[in-house]
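Engineer: A single structure is presented below for examination.
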Amino acid sequence: MLHLPVGISTLDKIRSGGFVYVDKTPHVHRIVEKPGQFFLSRPRRFGKSLFLDTLKELFEGNEKLFQGLYIHDKWDWSAVHPVIKLDFGEGRLRGREQLQEKTRELLTVNQQRLGVDLQFESNSGSFAELIRLAHQQTGKRAVVLIDEYDKPILDNLEHPDTAREMRDELRDLYSVLKPQDGHIQCIFMTGVSKFSKVSLFSDLNNLTDITISSRFATICGYTQQELESCFAEHLADVDLERFRQWYNGYQWLGEPVYNPFDVLLFLQEGKVYRNYWFETGSPSFLVKFFQKRRYFLPDLERIEVGEEILNSFDVDTLTPETLLFQAGYLTIAENLERYGEQRYVLNVPNREVRLALNNALITGYTQLAAEKFHIKDHVRQALLAADFPALRGIIHRLFAAIPYRNFTNTDLLDSEGWYASVLYAFFASLDARIIPEDVTNKGQVDLTVILEDRIFVMEIKLVQAAEIEGNPALEQIRAKGYSEKYRDRQGMSVYELGLVFSKAERNLIALDGREAKGVSGH
């Protein structure tokens, strides 16, 4: 049985060490068949570095590593090119001076490896000189590979002034590529985010972005066929459908793929279903950003955006949708055409991201850490038993436990959306299906929650008073007949649930429910 290449991003080590290798050289062949400049954005831990290293080994003519692979008999192995590789993925840079020092180190390593002598003092000047001399010395145009091109910026998003400094420094560095075009055979840049051309690539307008391209949809990640053929022995006793639901589902206008990091860690760590990829990130910035923007979390169930949103990542114009998509928390579920322009429907890719993201959002929106799991268990039990008095007590205790001093400088708690967002995160973390603003022919209800064989049609109200008579939320459901469209679902029980929160109490003051039977209002 071949070894699992956990944490290995060099082709030589994988091919020489008896590790599983998923052949991505058909994509390599499309990249290298003619001179070009390419950009690829993919989430972290998705195999970008390995793909870049594969390009490096190919252009350096290391034929033995490609024997038996798709590209082996399609490449001229005498066409060796000098390769310049800059990798900004290592370490965390905290300021412009650290970035300048890191860049000098990378240029020095390439200078020594290629055996050229640089005279220019500035990093941009040295970079241009390195490209030019590499071509002149070998007679072959240089190949420029840049990995994690945006990491110095992303590491500083919580400090916008520093992030802007990093962006400007990198823009100066990358601006030398276009003037050196005559000395370059291929450019390939990878990163997590796609910064707008205006902010970072204003001088590199000939860069071909293959991030959202059906031809390159599976350039990183494992397809179902690749998974089952390359990891057959390792997957012998794995329920493939459950595995697919947990870890597959990332799409870029083509066949869905698995995150390689999840696949390898799952197989290495005893085939236990866990949040392997999600735990490598730091969603705290994302949660803070959502709170600052007062983002309505139920909107995560279906987001429709245009191309400009997916391509408009910048320090000054961050949007929640762009951040979620480029970080890998959302993926393209569907592409549409509206009024002659492309639109994309985004959703959460799989169960791992859905559960882990909502647990992170619960913690961020409530400041409850360990307690949330106890609360989730009781919420689930009360819903499945349709025990609404118990559910009222649980939700009341939930909001009573939230340390409101953490929200003293915000009007977040005066928003109905905040209460709905907290409830949404809890329900979604139970792996329930959520339909926000569920539309009927008589209006729309706030949330429909489908959990196993139970459907809960919920209306949420926020009132000023500490006490009320009756339940206006439940009365609205009955008056509007919001639950009617679900009442003929075979094998499903339908319930109407009205929740009323008080600004004065900052808590739930009424929760009433009933099973929906017969004609609305009777």
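Letters A, B, ... go to the chains of the structure tokens in the order shown; residues in each chain start at 1; ligands are counted from 1 in the same order.
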What parts of segment 373-499 of chain A does DSSP call strand (DSSP E or B)? I'd like the answer as a PyMOL selection string.

Structural biologist: chain A and resi 433-440+443-451+454-463+493-499

Engineer: Mind writing the picked residues with N, CA and C atoms as an mmCIF file, in the first residue's frame?

Structural biologist:
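Dumped to selection.cif:
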data_model
loop_
_atom_site.group_PDB
_atom_site.id
_atom_site.type_symbol
_atom_site.label_atom_id
_atom_site.label_comp_id
_atom_site.auth_asym_id
_atom_site.auth_seq_id
_atom_site.Cartn_x
_atom_site.Cartn_y
_atom_site.Cartn_z
ATOM 1 N N ARG A 433 -31.726 21.284 7.824
ATOM 2 C CA ARG A 433 -31.863 22.071 6.601
ATOM 3 C C ARG A 433 -32.611 23.350 6.950
ATOM 4 N N ILE A 434 -32.065 24.485 6.552
ATOM 5 C CA ILE A 434 -32.649 25.781 6.896
ATOM 6 C C ILE A 434 -33.105 26.490 5.619
ATOM 7 N N ILE A 435 -34.313 27.018 5.644
ATOM 8 C CA ILE A 435 -34.803 27.852 4.537
ATOM 9 C C ILE A 435 -35.135 29.221 5.126
ATOM 10 N N PRO A 436 -34.265 30.209 4.960
ATOM 11 C CA PRO A 436 -34.557 31.543 5.495
ATOM 12 C C PRO A 436 -35.550 32.286 4.610
ATOM 13 N N GLU A 437 -36.376 33.115 5.245
ATOM 14 C CA GLU A 437 -37.350 33.928 4.517
ATOM 15 C C GLU A 437 -38.088 33.071 3.500
ATOM 16 N N ASP A 438 -38.657 31.990 4.015
ATOM 17 C CA ASP A 438 -39.330 30.975 3.211
ATOM 18 C C ASP A 438 -40.591 31.569 2.590
ATOM 19 N N VAL A 439 -40.634 31.618 1.269
ATOM 20 C CA VAL A 439 -41.694 32.323 0.558
ATOM 21 C C VAL A 439 -42.906 31.426 0.342
ATOM 22 N N THR A 440 -44.095 31.968 0.627
ATOM 23 C CA THR A 440 -45.356 31.320 0.290
ATOM 24 C C THR A 440 -46.164 32.278 -0.582
ATOM 25 N N GLY A 443 -46.868 35.506 1.539
ATOM 26 C CA GLY A 443 -45.801 36.249 2.212
ATOM 27 C C GLY A 443 -44.597 35.356 2.449
ATOM 28 N N GLN A 444 -43.802 35.692 3.466
ATOM 29 C CA GLN A 444 -42.652 34.867 3.776
ATOM 30 C C GLN A 444 -42.464 34.779 5.281
ATOM 31 N N VAL A 445 -42.106 33.579 5.714
ATOM 32 C CA VAL A 445 -41.868 33.328 7.126
ATOM 33 C C VAL A 445 -40.370 33.420 7.377
ATOM 34 N N ASP A 446 -39.974 33.768 8.596
ATOM 35 C CA ASP A 446 -38.558 34.040 8.869
ATOM 36 C C ASP A 446 -37.656 32.829 8.632
ATOM 37 N N LEU A 447 -37.999 31.692 9.241
ATOM 38 C CA LEU A 447 -37.169 30.494 9.116
ATOM 39 C C LEU A 447 -38.050 29.262 9.001
ATOM 40 N N THR A 448 -37.670 28.370 8.093
ATOM 41 C CA THR A 448 -38.208 27.010 8.115
ATOM 42 C C THR A 448 -37.047 26.081 8.409
ATOM 43 N N VAL A 449 -37.197 25.256 9.455
ATOM 44 C CA VAL A 449 -36.132 24.347 9.895
ATOM 45 C C VAL A 449 -36.626 22.919 9.707
ATOM 46 N N ILE A 450 -35.890 22.139 8.943
ATOM 47 C CA ILE A 450 -36.253 20.742 8.685
ATOM 48 C C ILE A 450 -35.214 19.853 9.355
ATOM 49 N N LEU A 451 -35.647 19.098 10.365
ATOM 50 C CA LEU A 451 -34.764 18.240 11.146
ATOM 51 C C LEU A 451 -35.363 16.839 11.165
ATOM 52 N N ARG A 454 -39.238 16.212 10.973
ATOM 53 C CA ARG A 454 -39.957 17.336 11.550
ATOM 54 C C ARG A 454 -39.702 18.600 10.717
ATOM 55 N N ILE A 455 -40.760 19.358 10.451
ATOM 56 C CA ILE A 455 -40.647 20.649 9.780
ATOM 57 C C ILE A 455 -41.186 21.717 10.726
ATOM 58 N N PHE A 456 -40.352 22.715 11.022
ATOM 59 C CA PHE A 456 -40.739 23.790 11.928
ATOM 60 C C PHE A 456 -40.785 25.100 11.145
ATOM 61 N N VAL A 457 -41.978 25.676 11.057
ATOM 62 C CA VAL A 457 -42.174 26.960 10.387
ATOM 63 C C VAL A 457 -42.148 28.031 11.471
ATOM 64 N N MET A 458 -41.108 28.891 11.446
ATOM 65 C CA MET A 458 -40.855 29.808 12.561
ATOM 66 C C MET A 458 -40.960 31.265 12.152
ATOM 67 N N GLU A 459 -41.623 32.034 12.978
ATOM 68 C CA GLU A 459 -41.654 33.487 12.836
ATOM 69 C C GLU A 459 -41.021 34.088 14.083
ATOM 70 N N ILE A 460 -40.175 35.108 13.896
ATOM 71 C CA ILE A 460 -39.455 35.730 15.009
ATOM 72 C C ILE A 460 -39.843 37.203 15.087
ATOM 73 N N LYS A 461 -40.213 37.653 16.272
ATOM 74 C CA LYS A 461 -40.569 39.059 16.482
ATOM 75 C C LYS A 461 -39.670 39.651 17.565
ATOM 76 N N LEU A 462 -39.329 40.922 17.419
ATOM 77 C CA LEU A 462 -38.606 41.669 18.452
ATOM 78 C C LEU A 462 -39.480 42.853 18.853
ATOM 79 N N VAL A 463 -39.864 42.907 20.145
ATOM 80 C CA VAL A 463 -40.748 43.975 20.632
ATOM 81 C C VAL A 463 -40.018 44.797 21.684
ATOM 82 N N SER A 493 -43.943 15.576 9.983
ATOM 83 C CA SER A 493 -44.809 16.318 10.895
ATOM 84 C C SER A 493 -44.455 17.792 10.802
ATOM 85 N N VAL A 494 -45.486 18.643 10.703
ATOM 86 C CA VAL A 494 -45.271 20.077 10.511
ATOM 87 C C VAL A 494 -45.730 20.832 11.757
ATOM 88 N N TYR A 495 -44.878 21.760 12.211
ATOM 89 C CA TYR A 495 -45.190 22.541 13.413
ATOM 90 C C TYR A 495 -45.027 24.022 13.118
ATOM 91 N N GLU A 496 -45.917 24.820 13.726
ATOM 92 C CA GLU A 496 -45.824 26.282 13.662
ATOM 93 C C GLU A 496 -45.249 26.775 14.978
ATOM 94 N N LEU A 497 -44.277 27.680 14.879
ATOM 95 C CA LEU A 497 -43.549 28.095 16.077
ATOM 96 C C LEU A 497 -43.345 29.603 16.046
ATOM 97 N N GLY A 498 -43.898 30.305 17.050
ATOM 98 C CA GLY A 498 -43.724 31.746 17.162
ATOM 99 C C GLY A 498 -42.802 32.094 18.308
ATOM 100 N N LEU A 499 -41.754 32.891 18.023
ATOM 101 C CA LEU A 499 -40.797 33.303 19.039
ATOM 102 C C LEU A 499 -40.796 34.819 19.137
#

Engineer: Would you give me, as a CSV table (one decimal) with N, CA and C atoms, in the first residue's frame, the residues in segment 75-189 of chain A that DSSP reads as alpha helix (DSSP H)?

Structural biologist:
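Wrote it out as states_21.csv, contents follow:
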chain,number,residue,atom,x,y,z
A,96,ARG,N,6.0,46.1,6.7
A,96,ARG,CA,6.6,46.3,5.4
A,96,ARG,C,8.1,45.9,5.4
A,97,GLU,N,8.8,46.3,6.5
A,97,GLU,CA,10.2,46.0,6.6
A,97,GLU,C,10.4,44.5,6.6
A,98,GLN,N,9.6,43.7,7.3
A,98,GLN,CA,9.7,42.3,7.3
A,98,GLN,C,9.5,41.7,6.0
A,99,LEU,N,8.5,42.2,5.2
A,99,LEU,CA,8.2,41.8,3.9
A,99,LEU,C,9.4,42.0,2.9
A,100,GLN,N,10.0,43.2,3.1
A,100,GLN,CA,11.1,43.6,2.2
A,100,GLN,C,12.3,42.6,2.5
A,101,GLU,N,12.5,42.3,3.8
A,101,GLU,CA,13.6,41.4,4.1
A,101,GLU,C,13.3,40.0,3.6
A,102,LYS,N,12.1,39.5,3.7
A,102,LYS,CA,11.7,38.2,3.2
A,102,LYS,C,11.9,38.1,1.7
A,103,THR,N,11.5,39.2,1.0
A,103,THR,CA,11.7,39.2,-0.4
A,103,THR,C,13.1,39.2,-0.8
A,104,ARG,N,14.0,39.9,-0.1
A,104,ARG,CA,15.4,39.9,-0.4
A,104,ARG,C,16.0,38.5,-0.2
A,105,GLU,N,15.5,37.8,0.8
A,105,GLU,CA,16.0,36.4,1.1
A,105,GLU,C,15.6,35.5,-0.1
A,106,LEU,N,14.3,35.6,-0.5
A,106,LEU,CA,13.8,34.8,-1.6
A,106,LEU,C,14.6,35.0,-2.9
A,107,LEU,N,14.9,36.3,-3.2
A,107,LEU,CA,15.6,36.7,-4.4
A,107,LEU,C,17.1,36.1,-4.3
A,108,THR,N,17.7,36.2,-3.1
A,108,THR,CA,19.0,35.7,-2.9
A,108,THR,C,19.1,34.2,-3.2
A,109,VAL,N,18.1,33.5,-2.6
A,109,VAL,CA,18.1,32.0,-2.8
A,109,VAL,C,18.0,31.7,-4.3
A,110,ASN,N,17.2,32.4,-5.1
A,110,ASN,CA,17.1,32.1,-6.5
A,110,ASN,C,18.4,32.6,-7.2
A,111,GLN,N,19.0,33.7,-6.8
A,111,GLN,CA,20.2,34.1,-7.4
A,111,GLN,C,21.3,33.1,-7.3
A,112,GLN,N,21.4,32.5,-6.1
A,112,GLN,CA,22.5,31.5,-5.8
A,112,GLN,C,22.2,30.2,-6.6
A,113,ARG,N,20.9,29.8,-6.6
A,113,ARG,CA,20.6,28.6,-7.3
A,113,ARG,C,20.8,28.7,-8.8
A,114,LEU,N,20.6,29.9,-9.4
A,114,LEU,CA,20.7,30.1,-10.9
A,114,LEU,C,22.1,30.5,-11.2
A,123,ASN,N,14.3,45.7,-4.3
A,123,ASN,CA,13.8,44.3,-4.6
A,123,ASN,C,13.2,44.2,-5.9
A,124,SER,N,12.4,45.3,-6.4
A,124,SER,CA,11.8,45.2,-7.7
A,124,SER,C,12.9,45.2,-8.8
A,125,GLY,N,13.9,46.0,-8.6
A,125,GLY,CA,15.0,46.1,-9.5
A,125,GLY,C,15.8,44.7,-9.6
A,126,SER,N,16.0,44.1,-8.4
A,126,SER,CA,16.7,42.8,-8.4
A,126,SER,C,15.9,41.8,-9.1
A,127,PHE,N,14.5,41.8,-8.8
A,127,PHE,CA,13.6,40.8,-9.4
A,127,PHE,C,13.7,40.9,-11.0
A,128,ALA,N,13.6,42.1,-11.5
A,128,ALA,CA,13.7,42.3,-12.9
A,128,ALA,C,15.0,41.8,-13.5
A,129,GLU,N,16.1,42.2,-12.8
A,129,GLU,CA,17.4,41.8,-13.2
A,129,GLU,C,17.6,40.3,-13.2
A,130,LEU,N,17.1,39.6,-12.2
A,130,LEU,CA,17.1,38.2,-12.0
A,130,LEU,C,16.5,37.5,-13.2
A,131,ILE,N,15.3,38.0,-13.6
A,131,ILE,CA,14.6,37.4,-14.8
A,131,ILE,C,15.4,37.6,-16.1
A,132,ARG,N,15.9,38.8,-16.2
A,132,ARG,CA,16.7,39.1,-17.5
A,132,ARG,C,18.0,38.3,-17.6
A,133,LEU,N,18.7,38.2,-16.5
A,133,LEU,CA,20.0,37.5,-16.5
A,133,LEU,C,19.8,36.0,-16.6
A,134,ALA,N,18.7,35.5,-16.0
A,134,ALA,CA,18.5,34.1,-16.2
A,134,ALA,C,18.3,33.7,-17.6
A,135,HIS,N,17.6,34.6,-18.3
A,135,HIS,CA,17.3,34.3,-19.8
A,135,HIS,C,18.6,34.5,-20.6
A,136,GLN,N,19.4,35.5,-20.3
A,136,GLN,CA,20.6,35.7,-21.0
A,136,GLN,C,21.6,34.6,-20.8
A,137,GLN,N,21.7,34.2,-19.6
A,137,GLN,CA,22.7,33.2,-19.2
A,137,GLN,C,22.4,31.8,-19.8
A,138,THR,N,21.2,31.4,-19.9
A,138,THR,CA,20.8,30.1,-20.4
A,138,THR,C,20.3,30.1,-21.8
A,151,LYS,N,-0.4,36.1,0.9
A,151,LYS,CA,-0.4,35.8,2.3
A,151,LYS,C,0.1,37.0,3.2
A,152,PRO,N,1.1,37.8,2.8
A,152,PRO,CA,1.5,38.9,3.7
A,152,PRO,C,0.4,39.9,3.9
A,153,ILE,N,-0.5,40.0,2.9
A,153,ILE,CA,-1.7,40.9,3.1
A,153,ILE,C,-2.7,40.2,4.0
A,154,LEU,N,-3.1,39.0,3.7
A,154,LEU,CA,-4.1,38.3,4.4
A,154,LEU,C,-3.8,38.2,5.9
A,160,PRO,N,-5.8,47.1,9.0
A,160,PRO,CA,-5.9,47.6,7.6
A,160,PRO,C,-4.7,48.4,7.1
A,161,ASP,N,-4.1,49.3,8.0
A,161,ASP,CA,-3.0,50.1,7.5
A,161,ASP,C,-1.8,49.3,7.1
A,162,THR,N,-1.5,48.3,8.0
A,162,THR,CA,-0.4,47.4,7.7
A,162,THR,C,-0.7,46.5,6.4
A,163,ALA,N,-2.0,46.1,6.3
A,163,ALA,CA,-2.3,45.3,5.1
A,163,ALA,C,-2.2,46.1,3.8
A,164,ARG,N,-2.5,47.4,3.9
A,164,ARG,CA,-2.3,48.3,2.7
A,164,ARG,C,-0.8,48.5,2.4
A,165,GLU,N,0.0,48.6,3.4
A,165,GLU,CA,1.4,48.7,3.2
A,165,GLU,C,2.0,47.4,2.5
A,166,MET,N,1.5,46.3,2.9
A,166,MET,CA,1.9,45.0,2.3
A,166,MET,C,1.4,44.9,0.8
A,167,ARG,N,0.2,45.3,0.6
A,167,ARG,CA,-0.3,45.3,-0.7
A,167,ARG,C,0.5,46.2,-1.7
A,168,ASP,N,0.8,47.4,-1.2
A,168,ASP,CA,1.6,48.4,-2.0
A,168,ASP,C,3.0,47.8,-2.3
A,169,GLU,N,3.6,47.2,-1.3
A,169,GLU,CA,4.9,46.7,-1.5
A,169,GLU,C,4.9,45.5,-2.5
A,170,LEU,N,3.9,44.7,-2.4
A,170,LEU,CA,3.8,43.6,-3.4
A,170,LEU,C,3.5,44.0,-4.8
A,171,ARG,N,2.7,45.1,-4.9
A,171,ARG,CA,2.3,45.7,-6.2
A,171,ARG,C,3.6,46.2,-6.9
A,172,ASP,N,4.5,46.8,-6.1
A,172,ASP,CA,5.7,47.3,-6.7
A,172,ASP,C,6.6,46.1,-7.2
A,173,LEU,N,6.6,45.0,-6.5
A,173,LEU,CA,7.3,43.8,-6.9
A,173,LEU,C,6.8,43.2,-8.1
A,174,TYR,N,5.4,43.0,-8.1
A,174,TYR,CA,4.8,42.3,-9.3
A,174,TYR,C,4.8,43.1,-10.5

Engineer: Using only C-alpha atoms, which residue out of A:Lys517, A:Lys372, A:His29, A:Lys442 lies closest to Lys480 of chain A?

Structural biologist: A:Lys442

Engineer: Show me, as an NGL selection string, the residues that have an atom within 7 Å of Ile84 of chain A when counting only C-alpha atoms, minus same-chain residues fewer than 4 positions from it.

Structural biologist: :A and (110 or 143-145)

Engineer: Counting only C-alpha atoms, what is within 8 Å of segment 300-316 of chain A, bar same-chain residues fewer than 5 positions away, as a compact mmCIF listing (two decimals) with N, CA, C and O atoms, in the first residue's frame?

Structural biologist:
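Below is the file that was written, result16.txt:
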# COMPACT_ATOMS: atom_id res chain seq x y z
N LEU A 157 -5.07 41.45 7.80
CA LEU A 157 -6.36 42.06 7.52
C LEU A 157 -6.98 42.73 8.73
O LEU A 157 -7.74 43.69 8.60
N PRO A 160 -5.75 47.09 8.97
CA PRO A 160 -5.87 47.56 7.58
C PRO A 160 -4.70 48.41 7.10
O PRO A 160 -4.30 48.29 5.94
N ALA A 163 -1.97 46.08 6.27
CA ALA A 163 -2.35 45.31 5.08
C ALA A 163 -2.16 46.15 3.81
O ALA A 163 -1.71 45.64 2.78
N ARG A 164 -2.50 47.43 3.89
CA ARG A 164 -2.33 48.30 2.72
C ARG A 164 -0.84 48.45 2.38
O ARG A 164 -0.46 48.49 1.20
N SER A 193 -6.75 34.52 -2.23
CA SER A 193 -7.66 35.58 -2.65
C SER A 193 -7.34 36.05 -4.06
O SER A 193 -6.23 35.89 -4.56
N LYS A 194 -8.34 36.65 -4.67
CA LYS A 194 -8.14 37.29 -5.98
C LYS A 194 -8.31 38.79 -5.79
O LYS A 194 -9.42 39.31 -5.73
N PHE A 195 -7.19 39.48 -5.65
CA PHE A 195 -7.26 40.93 -5.51
C PHE A 195 -7.61 41.56 -6.85
O PHE A 195 -7.25 41.06 -7.92
N SER A 196 -8.33 42.64 -6.79
CA SER A 196 -8.73 43.31 -8.02
C SER A 196 -7.49 43.80 -8.76
O SER A 196 -6.47 44.13 -8.17
N SER A 199 -6.09 47.17 -7.69
CA SER A 199 -5.36 47.32 -6.44
C SER A 199 -3.99 46.64 -6.45
O SER A 199 -3.07 47.09 -5.80
N GLU A 321 -19.40 38.15 1.33
CA GLU A 321 -19.53 37.10 0.32
C GLU A 321 -18.18 36.78 -0.33
O GLU A 321 -17.84 35.61 -0.51
N THR A 322 -17.41 37.82 -0.65
CA THR A 322 -16.10 37.60 -1.25
C THR A 322 -15.17 36.87 -0.29
O THR A 322 -14.47 35.93 -0.66
N LEU A 323 -15.18 37.31 0.96
CA LEU A 323 -14.32 36.70 1.97
C LEU A 323 -14.67 35.22 2.16
O LEU A 323 -13.79 34.36 2.20
N PHE A 325 -16.22 33.17 0.06
CA PHE A 325 -15.94 32.38 -1.14
C PHE A 325 -14.45 32.11 -1.29
O PHE A 325 -14.02 30.96 -1.50
N GLN A 326 -13.65 33.14 -1.19
CA GLN A 326 -12.23 32.96 -1.45
C GLN A 326 -11.53 32.19 -0.33
O GLN A 326 -10.52 31.53 -0.58
N GLU A 341 -25.78 38.92 -18.03
CA GLU A 341 -24.55 38.84 -17.24
C GLU A 341 -24.55 37.57 -16.41
O GLU A 341 -25.59 37.00 -16.10
N GLN A 342 -23.34 37.13 -16.04
CA GLN A 342 -23.21 35.91 -15.26
C GLN A 342 -23.48 36.17 -13.78
O GLN A 342 -23.04 37.17 -13.22
N ARG A 343 -24.24 35.28 -13.18
CA ARG A 343 -24.48 35.29 -11.74
C ARG A 343 -24.11 33.92 -11.19
O ARG A 343 -24.19 32.91 -11.89
N TYR A 344 -23.74 33.89 -9.93
CA TYR A 344 -23.35 32.65 -9.28
C TYR A 344 -24.11 32.48 -7.97
O TYR A 344 -24.21 33.41 -7.18
N VAL A 345 -24.64 31.28 -7.78
CA VAL A 345 -25.27 30.93 -6.52
C VAL A 345 -24.22 30.23 -5.65
O VAL A 345 -23.61 29.24 -6.08
N LEU A 346 -23.99 30.77 -4.47
CA LEU A 346 -22.98 30.22 -3.57
C LEU A 346 -23.65 29.50 -2.41
O LEU A 346 -24.70 29.93 -1.92
N ASN A 347 -23.04 28.40 -1.96
CA ASN A 347 -23.50 27.77 -0.73
C ASN A 347 -22.33 27.08 -0.04
O ASN A 347 -21.23 26.99 -0.58
N VAL A 348 -22.58 26.60 1.18
CA VAL A 348 -21.55 25.91 1.95
C VAL A 348 -21.26 24.57 1.27
O VAL A 348 -22.20 23.85 0.90
N ILE A 434 -32.06 24.49 6.55
CA ILE A 434 -32.65 25.78 6.90
C ILE A 434 -33.10 26.49 5.62
O ILE A 434 -32.36 26.57 4.65
N ILE A 435 -34.31 27.02 5.64
CA ILE A 435 -34.80 27.85 4.54
C ILE A 435 -35.13 29.22 5.13
O ILE A 435 -36.16 29.39 5.79
N PRO A 436 -34.27 30.21 4.96
CA PRO A 436 -34.56 31.54 5.50
C PRO A 436 -35.55 32.29 4.61
O PRO A 436 -35.58 32.10 3.39

Engineer: Find, counting only C-alpha atoms, the residue in A:Leu253, A:Ile187, A:Leu240, A:Ala386 that gets nearest to Ala217 of chain A.

Structural biologist: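 Among the listed residues, the smallest separation from Ala217 of chain A belongs to A:Leu253.
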
Engineer: Can you pull out the residues contacting Gly270 of chain A? Cut-off 12 Å, using only C-alpha atoms, and skip same-chain residues under 5 positions away; I want them as a list in words.

Structural biologist: His234, Leu235, Asp237, Val238, Val263, Leu264 and Leu265 of chain A

Engineer: Between atom CA of Glu158 of chain A and atom CA of Phe88 of chain A, what is the spacing in Å?

Structural biologist: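 It comes out at 18.8 Å.
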
Engineer: Restricting the calculation to only C-alpha atoms: of A:Phe388, A:Phe290, A:Phe46, A:Tyr273, which residue gets closest to Tyr258 of chain A?

Structural biologist: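 Nearest to Tyr258 of chain A: A:Phe46.
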